[in-house]
Amino acid sequence: MKKQHLEHLLRAAGKIVGDNQFIVIGSQSLHGKYPDLADDLCVSFEADLISKNRPKETDMLNSIGIDSPFHNEFGFYADPVDINTAVLPKGWQGRLVNFESPATEGVTGLCLEPHDLAISKYVARREKDILFNREIVRRGLLDKSKLLELLHATPIPDERRRAIETYIDSDFAR
């Protein structure tokens, strides 16, 4: 998904929900810190969004969700999620990165800071998450010590934390 696609989604989401702030949870949140990111990194066709000020209204975004007329017309879509979609380190809300431009027409994307995003993907550990994290490490977008620090602030069992430390070590050794 390109930057202009996320701008379009935020603009549409704002009109649908009547909110001017949306938390961007998934890989599209990289656009917050890296608005000129290469298109080949954020290849998914959806943006995981949560209405910040009207979270109970987030489901209204199904109108621009998968298989909607919006999706069929533009080729990308909103995936309305909730705060429990991702396991994140403590304090993640204070590290959100604003994504806005004239094209969002006053709607702001509150994007996960890249290290918080990576931790959520290490915890989820789906094949696409593994590949995504390896790639953002390879491109130098993450700091290993910061990742490990945030991992220790993530509410997961110690056994899982130790496994993720191994994955992080492996990704940075490549």
# chains A, B, ... in the order shown; residues from 1 in each chain; ligands from 1

call {"tool": "residues_around", "arguments": {"residues": "range 93-109 of chain A", "least_positions_apart": "6", "cutoff": "8 Å", "atoms": "only C-alpha atoms", "output": "count of residues only"}}
result
16

call {"tool": "closest_atom_pairs", "arguments": {"of": "range 4-105 of chain A", "to": "range 136-153 of chain A", "cutoff": "12 Å", "atoms": "only C-alpha atoms", "output": "JSON lines"}}
result
{"residue": "A:Ser27", "atom": "CA", "partner": "A:Ile136", "partner_atom": "CA", "distance": 10.4}
{"residue": "A:Leu30", "atom": "CA", "partner": "A:Leu141", "partner_atom": "CA", "distance": 9.6}
{"residue": "A:Lys33", "atom": "CA", "partner": "A:Leu141", "partner_atom": "CA", "distance": 9.8}
{"residue": "A:Tyr34", "atom": "CA", "partner": "A:Leu141", "partner_atom": "CA", "distance": 9.2}
{"residue": "A:Leu37", "atom": "CA", "partner": "A:Leu141", "partner_atom": "CA", "distance": 10.6}
{"residue": "A:Ala38", "atom": "CA", "partner": "A:Arg139", "partner_atom": "CA", "distance": 10.6}
{"residue": "A:Asp40", "atom": "CA", "partner": "A:Ile136", "partner_atom": "CA", "distance": 11.4}
{"residue": "A:Leu41", "atom": "CA", "partner": "A:Ile136", "partner_atom": "CA", "distance": 8.1}
{"residue": "A:Cys42", "atom": "CA", "partner": "A:Ile136", "partner_atom": "CA", "distance": 10.4}
{"residue": "A:Val87", "atom": "CA", "partner": "A:Leu151", "partner_atom": "CA", "distance": 10.6}
{"residue": "A:Leu88", "atom": "CA", "partner": "A:Ala153", "partner_atom": "CA", "distance": 8.6}
{"residue": "A:Pro89", "atom": "CA", "partner": "A:Ala153", "partner_atom": "CA", "distance": 5.1}
{"residue": "A:Lys90", "atom": "CA", "partner": "A:Ala153", "partner_atom": "CA", "distance": 5.5}
{"residue": "A:Gly91", "atom": "CA", "partner": "A:Ala153", "partner_atom": "CA", "distance": 8.3}
{"residue": "A:Trp92", "atom": "CA", "partner": "A:Leu150", "partner_atom": "CA", "distance": 9.2}
{"residue": "A:Arg95", "atom": "CA", "partner": "A:Leu150", "partner_atom": "CA", "distance": 11.4}

call {"tool": "write_last_selection", "arguments": {"atoms": "N, CA and C atoms", "output": "mmCIF file, in the first residue's frame"}}
result
data_model
loop_
_atom_site.group_PDB
_atom_site.id
_atom_site.type_symbol
_atom_site.label_atom_id
_atom_site.label_comp_id
_atom_site.auth_asym_id
_atom_site.auth_seq_id
_atom_site.Cartn_x
_atom_site.Cartn_y
_atom_site.Cartn_z
ATOM 1 N N SER A 27 1.389 -3.184 9.340
ATOM 2 C CA SER A 27 2.592 -2.771 8.620
ATOM 3 C C SER A 27 2.472 -1.388 7.993
ATOM 4 N N LEU A 30 4.246 1.894 9.286
ATOM 5 C CA LEU A 30 5.597 2.363 8.943
ATOM 6 C C LEU A 30 5.564 3.697 8.206
ATOM 7 N N LYS A 33 6.546 6.972 10.427
ATOM 8 C CA LYS A 33 7.950 7.378 10.606
ATOM 9 C C LYS A 33 8.672 7.504 9.268
ATOM 10 N N TYR A 34 8.253 6.713 8.298
ATOM 11 C CA TYR A 34 8.924 6.688 6.998
ATOM 12 C C TYR A 34 7.918 6.973 5.879
ATOM 13 N N LEU A 37 8.700 5.744 2.314
ATOM 14 C CA LEU A 37 9.092 4.339 2.307
ATOM 15 C C LEU A 37 8.922 3.729 0.924
ATOM 16 N N ALA A 38 9.835 2.850 0.568
ATOM 17 C CA ALA A 38 9.730 2.148 -0.714
ATOM 18 C C ALA A 38 8.448 1.314 -0.738
ATOM 19 N N ASP A 40 7.765 -1.427 -2.043
ATOM 20 C CA ASP A 40 7.887 -2.880 -1.972
ATOM 21 C C ASP A 40 7.896 -3.417 -0.536
ATOM 22 N N LEU A 41 7.962 -2.554 0.452
ATOM 23 C CA LEU A 41 7.977 -3.027 1.836
ATOM 24 C C LEU A 41 6.570 -3.216 2.397
ATOM 25 N N CYS A 42 5.688 -2.321 2.115
ATOM 26 C CA CYS A 42 4.309 -2.411 2.605
ATOM 27 C C CYS A 42 3.431 -2.928 1.471
ATOM 28 N N VAL A 87 -0.357 -7.593 20.355
ATOM 29 C CA VAL A 87 0.295 -7.540 21.663
ATOM 30 C C VAL A 87 1.428 -6.536 21.532
ATOM 31 N N LEU A 88 1.371 -5.494 22.359
ATOM 32 C CA LEU A 88 2.321 -4.389 22.243
ATOM 33 C C LEU A 88 3.023 -4.118 23.567
ATOM 34 N N PRO A 89 4.235 -3.550 23.504
ATOM 35 C CA PRO A 89 4.962 -3.195 24.723
ATOM 36 C C PRO A 89 4.225 -2.114 25.507
ATOM 37 N N LYS A 90 4.419 -2.119 26.800
ATOM 38 C CA LYS A 90 3.841 -1.064 27.638
ATOM 39 C C LYS A 90 4.343 0.290 27.154
ATOM 40 N N GLY A 91 3.447 1.268 27.192
ATOM 41 C CA GLY A 91 3.810 2.619 26.802
ATOM 42 C C GLY A 91 3.726 2.906 25.314
ATOM 43 N N TRP A 92 3.242 1.966 24.525
ATOM 44 C CA TRP A 92 3.209 2.148 23.069
ATOM 45 C C TRP A 92 2.410 3.379 22.646
ATOM 46 N N ARG A 95 4.325 6.487 22.184
ATOM 47 C CA ARG A 95 5.316 6.480 21.092
ATOM 48 C C ARG A 95 4.657 6.547 19.709
#

call {"tool": "residues_around", "arguments": {"residues": "Ser170 in chain A", "least_positions_apart": "2", "cutoff": "12 Å", "atoms": "only C-alpha atoms", "output": "PDB file with N, CA and C atoms, in the first residue's frame"}}
result
ATOM      1  N   ILE A 130       7.246 -12.835  10.009  1.00  0.00           N
ATOM      2  CA  ILE A 130       8.659 -13.226  10.036  1.00  0.00           C
ATOM      3  C   ILE A 130       9.405 -12.542   8.894  1.00  0.00           C
ATOM      4  N   ASN A 133       9.602  -8.625   9.408  1.00  0.00           N
ATOM      5  CA  ASN A 133      10.618  -8.215  10.390  1.00  0.00           C
ATOM      6  C   ASN A 133      12.031  -8.398   9.850  1.00  0.00           C
ATOM      7  N   ARG A 134      12.259  -9.505   9.174  1.00  0.00           N
ATOM      8  CA  ARG A 134      13.601  -9.708   8.601  1.00  0.00           C
ATOM      9  C   ARG A 134      13.951  -8.578   7.635  1.00  0.00           C
ATOM     10  N   VAL A 137      14.632  -5.213   9.453  1.00  0.00           N
ATOM     11  CA  VAL A 137      15.956  -5.292  10.084  1.00  0.00           C
ATOM     12  C   VAL A 137      17.022  -5.126   9.006  1.00  0.00           C
ATOM     13  N   ARG A 138      16.874  -5.849   7.894  1.00  0.00           N
ATOM     14  CA  ARG A 138      17.855  -5.789   6.803  1.00  0.00           C
ATOM     15  C   ARG A 138      18.016  -4.364   6.273  1.00  0.00           C
ATOM     16  N   LYS A 144      18.546  -2.936  17.482  1.00  0.00           N
ATOM     17  CA  LYS A 144      18.419  -4.173  18.242  1.00  0.00           C
ATOM     18  C   LYS A 144      18.246  -3.915  19.740  1.00  0.00           C
ATOM     19  N   ALA A 163      12.192 -16.959  23.463  1.00  0.00           N
ATOM     20  CA  ALA A 163      12.136 -17.399  22.065  1.00  0.00           C
ATOM     21  C   ALA A 163      12.257 -16.193  21.135  1.00  0.00           C
ATOM     22  N   ILE A 164      11.572 -15.111  21.455  1.00  0.00           N
ATOM     23  CA  ILE A 164      11.623 -13.914  20.613  1.00  0.00           C
ATOM     24  C   ILE A 164      13.015 -13.296  20.639  1.00  0.00           C
ATOM     25  N   GLU A 165      13.688 -13.326  21.773  1.00  0.00           N
ATOM     26  CA  GLU A 165      15.070 -12.834  21.827  1.00  0.00           C
ATOM     27  C   GLU A 165      15.934 -13.596  20.820  1.00  0.00           C
ATOM     28  N   THR A 166      15.707 -14.892  20.719  1.00  0.00           N
ATOM     29  CA  THR A 166      16.447 -15.719  19.760  1.00  0.00           C
ATOM     30  C   THR A 166      16.130 -15.302  18.326  1.00  0.00           C
ATOM     31  N   TYR A 167      14.854 -15.024  18.044  1.00  0.00           N
ATOM     32  CA  TYR A 167      14.467 -14.588  16.700  1.00  0.00           C
ATOM     33  C   TYR A 167      15.114 -13.245  16.357  1.00  0.00           C
ATOM     34  N   ILE A 168      15.135 -12.350  17.324  1.00  0.00           N
ATOM     35  CA  ILE A 168      15.746 -11.038  17.100  1.00  0.00           C
ATOM     36  C   ILE A 168      17.241 -11.197  16.826  1.00  0.00           C
ATOM     37  N   PHE A 172      19.180 -10.115  13.255  1.00  0.00           N
ATOM     38  CA  PHE A 172      20.272  -9.141  13.191  1.00  0.00           C
ATOM     39  C   PHE A 172      21.603  -9.788  12.792  1.00  0.00           C
ATOM     40  N   ALA A 173      21.686 -11.120  12.890  1.00  0.00           N
ATOM     41  CA  ALA A 173      22.908 -11.813  12.497  1.00  0.00           C
ATOM     42  C   ALA A 173      22.952 -12.076  10.999  1.00  0.00           C
ATOM     43  N   ARG A 174      21.844 -11.920  10.316  1.00  0.00           N
ATOM     44  CA  ARG A 174      21.772 -12.207   8.866  1.00  0.00           C
ATOM     45  C   ARG A 174      22.587 -11.227   8.072  1.00  0.00           C
TER      46      ARG A 174
END

call {"tool": "closest_residue", "arguments": {"among": "A:Val81, A:Ile25, A:Arg54, A:Phe76", "to": "Glu113 in chain A", "atoms": "only C-alpha atoms"}}
result
A:Ile25

call {"tool": "select_by_dssp", "arguments": {"residues": "chain A", "states": "alpha helix (DSSP H)", "output": "MDAnalysis selection string"}}
result
chainID A and resid 3:17 30:33 69:74 114:124 127:138 144:151 158:173

call {"tool": "select_by_dssp", "arguments": {"residues": "range 64-156 of chain A", "states": "strand (DSSP E or B)", "output": "VMD selection string"}}
result
chain A and resid 77 to 80 97 to 99 108 to 111

call {"tool": "closest_residue", "arguments": {"among": "A:Ile156, A:Leu117, A:Ala13, A:Ala86", "to": "Ser51 in chain A", "atoms": "only C-alpha atoms"}}
result
A:Ala13

call {"tool": "atom_distance", "arguments": {"atom1": "CA of Val43 in chain A", "atom2": "CA of Asp59 in chain A"}}
result
23.6 Å
